[in-house]
file work32.txt (compact mmCIF, C-alpha atoms and all ligand atoms)
# COMPACT_ATOMS: atom_id res chain seq x y z
CA MET A 1 101.40 -59.37 27.89
CA LYS A 2 104.45 -58.34 29.90
CA LYS A 3 105.01 -54.61 29.73
CA LEU A 4 108.01 -53.15 27.90
CA ILE A 5 110.10 -50.33 29.35
CA ALA A 6 112.59 -48.81 26.92
CA GLY A 7 115.22 -46.24 27.83
CA ASN A 8 116.34 -43.65 25.28
CA TRP A 9 119.65 -42.18 26.35
CA LYS A 10 119.55 -39.69 23.46
CA MET A 11 122.97 -38.07 22.83
CA ASN A 12 124.26 -38.66 26.35
CA GLY A 13 126.90 -40.92 27.83
CA SER A 14 130.55 -41.91 27.71
CA LEU A 15 132.31 -45.24 28.05
CA ALA A 16 132.74 -44.66 31.77
CA ALA A 17 129.24 -43.25 32.42
CA ASN A 18 127.54 -46.02 30.42
CA GLU A 19 129.41 -48.71 32.31
CA ALA A 20 128.52 -47.19 35.67
CA LEU A 21 124.85 -46.78 34.67
CA VAL A 22 124.43 -50.30 33.33
CA LYS A 23 126.26 -51.83 36.29
CA ALA A 24 124.01 -49.92 38.69
CA MET A 25 120.93 -51.18 36.84
CA LEU A 26 122.11 -54.79 36.85
CA GLU A 27 123.05 -54.55 40.52
CA GLY A 28 119.66 -53.01 41.26
CA LEU A 29 117.95 -55.95 39.58
CA GLY A 30 120.06 -58.24 41.73
CA GLY A 31 119.57 -61.22 39.44
CA ALA A 32 115.78 -61.03 39.76
CA VAL A 33 113.56 -61.28 36.69
CA PRO A 34 112.41 -57.69 35.99
CA ALA A 35 108.71 -56.90 36.30
CA ALA A 36 108.79 -55.67 32.70
CA ASP A 37 110.86 -56.41 29.62
CA MET A 38 113.66 -53.85 29.46
CA VAL A 39 115.54 -52.24 26.58
CA LEU A 40 118.24 -49.57 26.56
CA CYS A 41 118.83 -47.50 23.42
CA ALA A 42 122.27 -45.91 23.22
CA PRO A 43 124.04 -43.63 20.72
CA ALA A 44 125.49 -45.67 17.83
CA PRO A 45 129.18 -45.60 18.90
CA TYR A 46 128.27 -47.17 22.24
CA LEU A 47 126.08 -49.99 20.96
CA ALA A 48 128.87 -52.56 20.95
CA GLN A 49 129.83 -51.56 24.48
CA LEU A 50 126.22 -51.86 25.56
CA GLY A 51 125.92 -55.26 23.92
CA GLY A 52 128.94 -56.41 25.90
CA LEU A 53 127.74 -54.99 29.20
CA LEU A 54 124.29 -56.54 28.77
CA ARG A 55 125.41 -59.96 27.52
CA ASP A 56 123.57 -62.74 29.39
CA SER A 57 121.48 -60.15 31.23
CA PRO A 58 117.69 -59.72 31.10
CA ILE A 59 118.08 -56.28 29.48
CA ALA A 60 118.00 -55.98 25.68
CA TRP A 61 119.60 -53.14 23.77
CA GLY A 62 118.66 -51.03 20.83
CA ALA A 63 119.64 -48.18 18.52
CA GLN A 64 118.05 -44.73 18.44
CA ASP A 65 117.73 -44.65 14.67
CA VAL A 66 118.40 -46.77 11.59
CA SER A 67 118.86 -46.00 7.92
CA ALA A 68 115.92 -46.12 5.52
CA HIS A 69 118.31 -47.64 2.97
CA GLU A 70 119.64 -51.16 2.77
CA GLN A 71 123.31 -50.36 2.02
CA GLY A 72 125.59 -48.28 -0.17
CA ALA A 73 126.46 -44.62 -0.69
CA PHE A 74 124.79 -43.13 2.39
CA THR A 75 127.66 -41.57 4.32
CA GLY A 76 127.10 -41.49 8.04
CA GLU A 77 124.16 -43.88 7.99
CA VAL A 78 123.92 -47.17 9.91
CA SER A 79 121.96 -49.99 8.30
CA ALA A 80 119.60 -52.36 10.05
CA ALA A 81 121.74 -55.33 8.97
CA MET A 82 124.78 -53.73 10.64
CA LEU A 83 122.83 -53.35 13.87
CA ARG A 84 121.65 -56.93 13.66
CA ASP A 85 125.23 -58.07 13.04
CA PHE A 86 126.04 -56.94 16.58
CA GLY A 87 122.94 -58.56 18.07
CA CYS A 88 120.83 -55.40 18.26
CA ARG A 89 117.17 -56.24 18.94
CA TYR A 90 115.42 -52.85 18.72
CA ALA A 91 115.68 -49.54 16.88
CA ILE A 92 113.72 -46.41 17.65
CA VAL A 93 112.37 -44.89 14.42
CA GLY A 94 110.60 -41.57 13.91
CA HIS A 95 111.48 -40.05 17.26
CA SER A 96 110.10 -36.50 17.26
CA GLU A 97 113.63 -35.13 17.56
CA ARG A 98 114.48 -36.85 14.28
CA ARG A 99 111.25 -35.70 12.63
CA GLN A 100 111.83 -32.15 13.88
CA TYR A 101 115.59 -31.63 13.51
CA HIS A 102 116.30 -33.99 10.63
CA ALA A 103 113.12 -33.44 8.63
CA GLU A 104 112.12 -37.09 8.65
CA SER A 105 108.83 -37.58 6.86
CA ASP A 106 106.18 -40.20 7.59
CA VAL A 107 107.38 -42.11 4.54
CA THR A 108 111.03 -42.06 5.67
CA VAL A 109 109.98 -43.31 9.09
CA ALA A 110 107.92 -46.08 7.50
CA ASN A 111 110.86 -47.13 5.34
CA LYS A 112 113.11 -47.23 8.40
CA ALA A 113 110.61 -49.45 10.19
CA GLN A 114 110.49 -51.73 7.16
CA ARG A 115 114.31 -51.95 6.93
CA ALA A 116 114.52 -52.79 10.61
CA LEU A 117 111.92 -55.56 10.35
CA ALA A 118 113.57 -57.01 7.26
CA ALA A 119 116.83 -57.34 9.20
CA GLY A 120 115.21 -58.87 12.29
CA VAL A 121 115.32 -55.70 14.39
CA THR A 122 112.10 -54.59 16.11
CA PRO A 123 111.27 -50.97 15.29
CA ILE A 124 109.93 -48.79 18.09
CA VAL A 125 107.83 -46.44 15.97
CA CYS A 126 107.26 -43.04 17.59
CA VAL A 127 104.17 -40.99 16.85
CA GLY A 128 102.89 -37.86 18.52
CA GLU A 129 101.40 -34.43 18.03
CA THR A 130 102.93 -31.02 18.70
CA LEU A 131 101.31 -28.59 21.11
CA ALA A 132 99.93 -26.56 18.20
CA GLU A 133 98.39 -29.69 16.69
CA ARG A 134 96.82 -30.66 20.03
CA GLU A 135 95.41 -27.17 20.50
CA ALA A 136 93.99 -27.28 16.99
CA GLY A 137 92.17 -30.53 17.86
CA GLN A 138 94.31 -32.54 15.44
CA THR A 139 95.86 -35.06 17.82
CA GLU A 140 94.02 -38.12 16.49
CA LEU A 141 94.45 -37.05 12.91
CA VAL A 142 98.22 -36.63 13.30
CA VAL A 143 98.99 -39.85 15.17
CA LYS A 144 96.74 -41.88 12.86
CA ARG A 145 98.43 -40.39 9.80
CA GLN A 146 101.89 -41.17 11.19
CA LEU A 147 100.98 -44.74 12.10
CA ALA A 148 99.06 -45.33 8.84
CA ALA A 149 102.21 -44.55 6.85
CA VAL A 150 104.06 -47.30 8.71
CA ILE A 151 101.23 -49.82 8.50
CA HIS A 152 100.98 -49.16 4.75
CA VAL A 153 104.64 -50.10 4.24
CA VAL A 154 105.10 -52.93 6.76
CA ALA A 155 101.68 -54.41 5.96
CA HIS A 156 101.43 -58.01 7.19
CA CYS A 157 104.32 -57.39 9.64
CA THR A 158 102.31 -54.80 11.62
CA SER A 159 102.02 -57.15 14.59
CA GLU A 160 105.84 -57.14 14.89
CA ILE A 161 106.29 -53.44 15.55
CA VAL A 162 106.29 -51.55 18.82
CA VAL A 163 104.49 -48.19 18.83
CA ALA A 164 105.37 -45.34 21.17
CA TYR A 165 102.91 -42.49 21.60
CA GLU A 166 105.03 -39.49 22.50
CA PRO A 167 103.25 -36.14 22.55
CA VAL A 168 105.96 -33.73 21.41
CA TRP A 169 104.93 -31.17 24.03
CA ALA A 170 105.64 -33.71 26.79
CA ILE A 171 109.13 -34.80 25.70
CA GLY A 172 111.89 -33.45 27.92
CA THR A 173 109.59 -30.70 29.18
CA GLY A 174 108.46 -32.17 32.49
CA LYS A 175 104.86 -31.88 31.19
CA THR A 176 103.39 -35.37 31.14
CA ALA A 177 100.14 -36.25 29.43
CA THR A 178 97.63 -37.17 32.10
CA PRO A 179 96.89 -40.91 32.23
CA GLU A 180 93.46 -40.11 30.74
CA GLN A 181 94.92 -38.06 27.86
CA ALA A 182 97.43 -40.79 27.09
CA GLN A 183 94.84 -43.57 27.35
CA GLN A 184 92.52 -41.72 24.97
CA VAL A 185 95.19 -41.65 22.24
CA HIS A 186 96.33 -45.20 22.98
CA ALA A 187 92.78 -46.45 22.48
CA VAL A 188 92.73 -44.81 19.05
CA LEU A 189 96.07 -46.37 18.11
CA ARG A 190 94.95 -49.77 19.43
CA ALA A 191 91.87 -49.66 17.22
CA GLN A 192 93.98 -48.69 14.21
CA ILE A 193 96.34 -51.60 14.83
CA ALA A 194 93.46 -54.00 15.39
CA ALA A 195 92.10 -53.06 11.97
CA ALA A 196 95.48 -53.76 10.37
CA THR A 197 96.56 -57.07 11.85
CA GLN A 198 95.04 -60.29 13.08
CA HIS A 199 97.37 -60.18 16.08
CA PRO A 200 96.93 -56.74 17.65
CA GLU A 201 97.57 -58.26 21.09
CA ARG A 202 101.24 -58.72 20.14
CA VAL A 203 101.85 -55.00 19.66
CA HIS A 204 103.19 -53.07 22.65
CA LEU A 205 101.86 -49.52 22.82
CA LEU A 206 104.31 -47.45 24.86
CA TYR A 207 103.75 -43.99 26.30
CA GLY A 208 106.65 -41.55 26.31
CA GLY A 209 107.03 -37.97 27.45
CA SER A 210 108.43 -37.04 30.86
CA MET A 211 107.53 -40.42 32.31
CA ASN A 212 109.33 -40.74 35.63
CA ALA A 213 109.43 -42.72 38.86
CA ALA A 214 106.59 -40.67 40.33
CA ASN A 215 104.07 -40.78 37.48
CA ALA A 216 104.84 -44.15 35.86
CA ALA A 217 102.46 -46.29 37.91
CA SER A 218 99.34 -44.28 37.05
CA LEU A 219 100.23 -44.17 33.34
CA LEU A 220 101.08 -47.87 33.21
CA ALA A 221 97.80 -48.73 34.94
CA GLN A 222 95.84 -47.59 31.87
CA PRO A 223 94.34 -50.46 29.89
CA ASP A 224 96.02 -49.58 26.59
CA ILE A 225 99.42 -48.49 27.90
CA ASP A 226 101.73 -51.48 27.57
CA GLY A 227 104.94 -49.81 28.65
CA GLY A 228 107.03 -46.69 28.40
CA LEU A 229 109.72 -44.99 26.35
CA ILE A 230 111.81 -43.11 28.85
CA GLY A 231 114.30 -40.35 28.08
CA GLY A 232 115.69 -38.35 31.00
CA ALA A 233 114.75 -40.85 33.70
CA SER A 234 116.57 -43.67 31.89
CA LEU A 235 119.87 -41.97 32.75
CA LYS A 236 119.31 -42.62 36.44
CA ALA A 237 119.48 -46.29 37.42
CA ALA A 238 117.24 -46.00 40.50
CA ASP A 239 114.54 -44.03 38.65
CA PHE A 240 114.56 -46.35 35.66
CA LEU A 241 114.31 -49.42 37.88
CA GLN A 242 111.46 -47.84 39.81
CA ILE A 243 109.59 -47.30 36.54
CA VAL A 244 110.23 -50.93 35.62
CA GLY A 245 108.97 -51.95 39.05
CA SER A 246 105.74 -49.97 38.49
CA ALA A 247 104.97 -52.03 35.40
CA ARG A 248 103.02 -54.83 36.99
C1 LIG B 1 112.10 -39.62 24.74
O1 LIG B 1 113.19 -39.14 24.46
O2 LIG B 1 111.61 -40.48 24.02
C2 LIG B 1 111.41 -39.13 25.95
C3 LIG B 1 110.22 -39.58 26.23
O3 LIG B 1 112.10 -38.22 26.72
P1 LIG B 1 111.71 -37.74 28.21
O4 LIG B 1 111.33 -38.96 28.99
O5 LIG B 1 112.95 -37.09 28.73
O6 LIG B 1 110.56 -36.78 28.08
call {"tool": "encode", "arguments": {"input": "work32.txt", "output": "structure tokens", "more": "lines below"}}
Ligand code: PEP
result
Amino acid sequence: MKKLIAGNWKMNGSLAANEALVKAMLEGLGGAVPAADMVLCAPAPYLAQLGGLLRDSPIAWGAQDVSAHEQGAFTGEVSAAMLRDFGCRYAIVGHSERRQYHAESDVTVANKAQRALAAGVTPIVCVGETLAEREAGQTELVVKRQLAAVIHVVAHCTSEIVVAYEPVWAIGTGKTATPEQAQQVHAVLRAQIAAATQHPERVHLLYGGSMNAANAASLLAQPDIDGGLIGGASLKAADFLQIVGSAR
């Protein structure tokens, strides 16, 4: 399976900065087929711009969140069908920043994943433990609980999701999980997915948390790490392309 490298710009960017960043990435690729499948996830107002900049390019684009509801009186929300209307292929759901700052529960995250799938958008489902949970020996318990909620709701569509293991203590902190720590959790998630679908080989398991140009190769060399979800380093064209290049 070709690896998948997804960039999460978080709440960064402007029309001018996005254009410069995307142009630098496309120039850096130089028309070559990237070593990994690539996705960029932008803030909602910039999705249409991103779609335009990436038209006919090998880079797909995605949203950073999607509503758990189909449509209606949900002021400020963006539905999966609206994203799909613009040609959006991916949506991150359950990012730890959404779980932490917007009180998203496992059930909400599962419903978001389900809404995305129903509209033809691939959810990138984030799971991960906090530092306190890791220190209490609860890492497996937490990530399995988070993923089980999604599997329970999406059921026979489990093979169509992407899962990103993102230890909360490693996101934006510069502290990366060691390749061995990440692999250990990925193996657990792989087994959980294998028990839930007849096509576990279709599911990309991404690692995220301070992945950068220097540490990507050793993480991506692990047997159960099928790609990366990249925050900070996705805002620098050269770094992001180097990560993509490490995904062989
Ligand atoms: C993320 O936002 O999903 C992430 C992994 O961020 P960073 O790479 O900056 O740690």
call {"tool": "closest_residue", "arguments": {"input": "work32.txt", "among": "A:Leu29, A:Gly245, A:His95, A:Arg190", "to": "ligand LIG 1 (chain B)", "atoms": "only C-alpha atoms and all ligand atoms"}}
result
A:His95
call {"tool": "residues_near_ligand", "arguments": {"input": "work32.txt", "ligand": "ligand LIG 1 (chain B)", "cutoff": "10 Å", "atoms": "all atoms listed in the file", "output": "VMD selection string"}}
result
chain A and resid 6 to 11 64 92 95 to 97 126 164 to 176 206 to 212 228 to 235
call {"tool": "write_last_selection", "arguments": {"input": "work32.txt", "atoms": "C-alpha atoms", "output": "mmCIF file, in the frame of the given file"}}
result
data_model
loop_
_atom_site.group_PDB
_atom_site.id
_atom_site.type_symbol
_atom_site.label_atom_id
_atom_site.label_comp_id
_atom_site.auth_asym_id
_atom_site.auth_seq_id
_atom_site.Cartn_x
_atom_site.Cartn_y
_atom_site.Cartn_z
ATOM 1 C CA ALA A 6 112.590 -48.810 26.920
ATOM 2 C CA GLY A 7 115.220 -46.240 27.830
ATOM 3 C CA ASN A 8 116.340 -43.650 25.280
ATOM 4 C CA TRP A 9 119.650 -42.180 26.350
ATOM 5 C CA LYS A 10 119.550 -39.690 23.460
ATOM 6 C CA MET A 11 122.970 -38.070 22.830
ATOM 7 C CA GLN A 64 118.050 -44.730 18.440
ATOM 8 C CA ILE A 92 113.720 -46.410 17.650
ATOM 9 C CA HIS A 95 111.480 -40.050 17.260
ATOM 10 C CA SER A 96 110.100 -36.500 17.260
ATOM 11 C CA GLU A 97 113.630 -35.130 17.560
ATOM 12 C CA CYS A 126 107.260 -43.040 17.590
ATOM 13 C CA ALA A 164 105.370 -45.340 21.170
ATOM 14 C CA TYR A 165 102.910 -42.490 21.600
ATOM 15 C CA GLU A 166 105.030 -39.490 22.500
ATOM 16 C CA PRO A 167 103.250 -36.140 22.550
ATOM 17 C CA VAL A 168 105.960 -33.730 21.410
ATOM 18 C CA TRP A 169 104.930 -31.170 24.030
ATOM 19 C CA ALA A 170 105.640 -33.710 26.790
ATOM 20 C CA ILE A 171 109.130 -34.800 25.700
ATOM 21 C CA GLY A 172 111.890 -33.450 27.920
ATOM 22 C CA THR A 173 109.590 -30.700 29.180
ATOM 23 C CA GLY A 174 108.460 -32.170 32.490
ATOM 24 C CA LYS A 175 104.860 -31.880 31.190
ATOM 25 C CA THR A 176 103.390 -35.370 31.140
ATOM 26 C CA LEU A 206 104.310 -47.450 24.860
ATOM 27 C CA TYR A 207 103.750 -43.990 26.300
ATOM 28 C CA GLY A 208 106.650 -41.550 26.310
ATOM 29 C CA GLY A 209 107.030 -37.970 27.450
ATOM 30 C CA SER A 210 108.430 -37.040 30.860
ATOM 31 C CA MET A 211 107.530 -40.420 32.310
ATOM 32 C CA ASN A 212 109.330 -40.740 35.630
ATOM 33 C CA GLY A 228 107.030 -46.690 28.400
ATOM 34 C CA LEU A 229 109.720 -44.990 26.350
ATOM 35 C CA ILE A 230 111.810 -43.110 28.850
ATOM 36 C CA GLY A 231 114.300 -40.350 28.080
ATOM 37 C CA GLY A 232 115.690 -38.350 31.000
ATOM 38 C CA ALA A 233 114.750 -40.850 33.700
ATOM 39 C CA SER A 234 116.570 -43.670 31.890
ATOM 40 C CA LEU A 235 119.870 -41.970 32.750
#
call {"tool": "residues_near_point", "arguments": {"input": "work32.txt", "point": "(111.2, -45.5, 34.8)", "cutoff": "6 Å", "atoms": "all atoms listed in the file", "output": "JSON, numbers by chain"}}
result
{"A": [212, 213, 233, 239, 240, 241, 242, 243, 244]}
call {"tool": "atom_distance", "arguments": {"input": "work32.txt", "atom1": "CA of Glu27 in chain A", "atom2": "CA of Ser14 in chain A"}}
result
19.5 Å
call {"tool": "closest_residue", "arguments": {"input": "work32.txt", "among": "A:Val142, A:Leu50, A:Ala136, A:Ala194", "to": "Thr158 in chain A", "atoms": "all atoms listed in the file"}}
result
A:Ala194
call {"tool": "atom_distance", "arguments": {"input": "work32.txt", "atom1": "CA of Val203 in chain A", "atom2": "CA of Ser105 in chain A"}}
result
22.7 Å
call {"tool": "atom_distance", "arguments": {"input": "work32.txt", "atom1": "CA of Ala35 in chain A", "atom2": "CA of Arg248 in chain A"}}
result
6.1 Å
call {"tool": "closest_residue", "arguments": {"input": "work32.txt", "among": "A:Leu189, A:Met38, A:Ala20, A:Ala32", "to": "Lys3 in chain A", "atoms": "all atoms listed in the file"}}
result
A:Met38
call {"tool": "residues_near_point", "arguments": {"input": "work32.txt", "point": "(123.0, -49.2, 22.6)", "cutoff": "10 Å", "atoms": "all atoms listed in the file", "output": "JSON, numbers by chain"}}
result
{"A": [7, 8, 9, 18, 39, 40, 41, 42, 43, 44, 45, 46, 47, 48, 49, 50, 51, 52, 53, 54, 60, 61, 62, 63, 64, 83, 88, 89, 90, 91]}
call {"tool": "closest_residue", "arguments": {"input": "work32.txt", "among": "A:Gln222, A:Asn215, A:Ser159, A:Thr130", "to": "Gln198 in chain A", "atoms": "only C-alpha atoms"}}
result
A:Ser159
call {"tool": "closest_residue", "arguments": {"input": "work32.txt", "among": "A:Ser218, A:Gln114, A:Thr197, A:Gln71", "to": "Pro179 in chain A", "atoms": "only C-alpha atoms"}}
result
A:Ser218
call {"tool": "closest_residue", "arguments": {"input": "work32.txt", "among": "A:Ile5, A:Val153, A:Lys23, A:His199", "to": "Ser246 in chain A", "atoms": "only C-alpha atoms"}}
result
A:Ile5
call {"tool": "decode", "arguments": {"input": "work32.txt", "residues": "range 5-101 of chain A", "atoms": "C-alpha atoms", "output": "CSV table (one decimal), in the first residue's frame"}}
result
chain,number,residue,atom,x,y,z
A,5,ILE,CA,1.1,11.9,4.2
A,6,ALA,CA,-1.5,14.4,5.4
A,7,GLY,CA,-0.8,18.0,6.3
A,8,ASN,CA,-2.9,19.7,9.0
A,9,TRP,CA,-2.5,23.4,8.7
A,10,LYS,CA,-4.6,24.0,11.8
A,11,MET,CA,-5.7,27.6,12.2
A,12,ASN,CA,-2.9,29.1,10.1
A,13,GLY,CA,-2.7,30.6,6.6
A,14,SER,CA,-4.1,33.4,4.4
A,15,LEU,CA,-5.0,33.6,0.8
A,16,ALA,CA,-1.4,34.8,-0.1
A,17,ALA,CA,0.4,32.4,2.3
A,18,ASN,CA,-1.6,29.4,1.1
A,19,GLU,CA,-1.0,30.2,-2.5
A,20,ALA,CA,2.8,30.5,-1.9
A,21,LEU,CA,2.9,27.3,0.1
A,22,VAL,CA,1.0,25.2,-2.4
A,23,LYS,CA,2.9,26.6,-5.3
A,24,ALA,CA,6.2,25.8,-3.6
A,25,MET,CA,5.0,22.2,-2.9
A,26,LEU,CA,3.9,21.7,-6.5
A,27,GLU,CA,7.1,23.2,-7.8
A,28,GLY,CA,9.1,21.0,-5.5
A,29,LEU,CA,7.3,17.9,-6.9
A,30,GLY,CA,8.2,19.1,-10.3
A,31,GLY,CA,5.6,17.1,-12.0
A,32,ALA,CA,6.9,13.8,-10.5
A,33,VAL,CA,4.6,11.3,-9.0
A,34,PRO,CA,5.0,11.7,-5.2
A,35,ALA,CA,6.5,8.8,-3.2
A,36,ALA,CA,3.4,8.9,-1.0
A,37,ASP,CA,-0.2,10.0,-1.5
A,38,MET,CA,-0.6,13.5,-0.2
A,39,VAL,CA,-3.4,15.5,1.4
A,40,LEU,CA,-3.6,19.0,2.7
A,41,CYS,CA,-6.2,20.0,5.3
A,42,ALA,CA,-7.0,23.7,5.4
A,43,PRO,CA,-9.3,25.9,7.6
A,44,ALA,CA,-12.8,25.8,6.1
A,45,PRO,CA,-12.8,29.3,4.5
A,46,TYR,CA,-9.8,28.3,2.4
A,47,LEU,CA,-11.0,25.0,1.2
A,48,ALA,CA,-12.3,26.3,-2.1
A,49,GLN,CA,-9.1,28.1,-2.7
A,50,LEU,CA,-7.1,25.0,-2.0
A,51,GLY,CA,-9.4,23.0,-4.3
A,52,GLY,CA,-8.6,25.5,-7.1
A,53,LEU,CA,-4.8,25.5,-6.4
A,54,LEU,CA,-4.7,21.7,-6.3
A,55,ARG,CA,-6.9,21.0,-9.3
A,56,ASP,CA,-5.3,18.5,-11.7
A,57,SER,CA,-2.4,18.0,-9.2
A,58,PRO,CA,-1.4,14.8,-7.4
A,59,ILE,CA,-2.3,16.4,-4.0
A,60,ALA,CA,-5.8,15.9,-2.5
A,61,TRP,CA,-7.3,18.3,0.0
A,62,GLY,CA,-9.4,17.9,3.1
A,63,ALA,CA,-11.2,19.7,5.9
A,64,GLN,CA,-10.0,19.7,9.6
A,65,ASP,CA,-13.5,18.9,10.9
A,66,VAL,CA,-17.0,18.1,9.8
A,67,SER,CA,-20.4,18.3,11.4
A,68,ALA,CA,-21.9,15.3,13.2
A,69,HIS,CA,-25.3,16.4,11.8
A,70,GLU,CA,-26.6,16.0,8.3
A,71,GLN,CA,-28.1,19.5,7.8
A,72,GLY,CA,-30.3,22.1,9.5
A,73,ALA,CA,-30.2,24.4,12.5
A,74,PHE,CA,-26.5,24.0,13.5
A,75,THR,CA,-25.1,27.5,13.2
A,76,GLY,CA,-21.5,27.6,12.3
A,77,GLU,CA,-21.3,24.0,11.3
A,78,VAL,CA,-20.2,22.6,7.9
A,79,SER,CA,-21.8,19.4,6.7
A,80,ALA,CA,-20.0,16.5,4.9
A,81,ALA,CA,-22.3,17.0,1.9
A,82,MET,CA,-21.2,20.6,1.6
A,83,LEU,CA,-17.5,19.5,1.7
A,84,ARG,CA,-18.2,16.9,-0.9
A,85,ASP,CA,-20.0,19.5,-3.1
A,86,PHE,CA,-16.6,21.3,-3.5
A,87,GLY,CA,-14.8,18.0,-4.2
A,88,CYS,CA,-13.3,17.5,-0.7
A,89,ARG,CA,-11.9,14.0,-0.3
A,90,TYR,CA,-10.9,13.9,3.4
A,91,ALA,CA,-11.9,15.3,6.7
A,92,ILE,CA,-10.0,15.0,9.9
A,93,VAL,CA,-12.3,14.0,12.8
A,94,GLY,CA,-11.6,13.8,16.5
A,95,HIS,CA,-8.3,15.7,16.5
A,96,SER,CA,-7.2,16.1,20.1
A,97,GLU,CA,-7.5,19.8,19.9
A,98,ARG,CA,-11.2,19.3,19.1
A,99,ARG,CA,-11.7,16.7,21.8
A,100,GLN,CA,-9.8,19.0,24.3
A,101,TYR,CA,-11.1,22.5,23.5
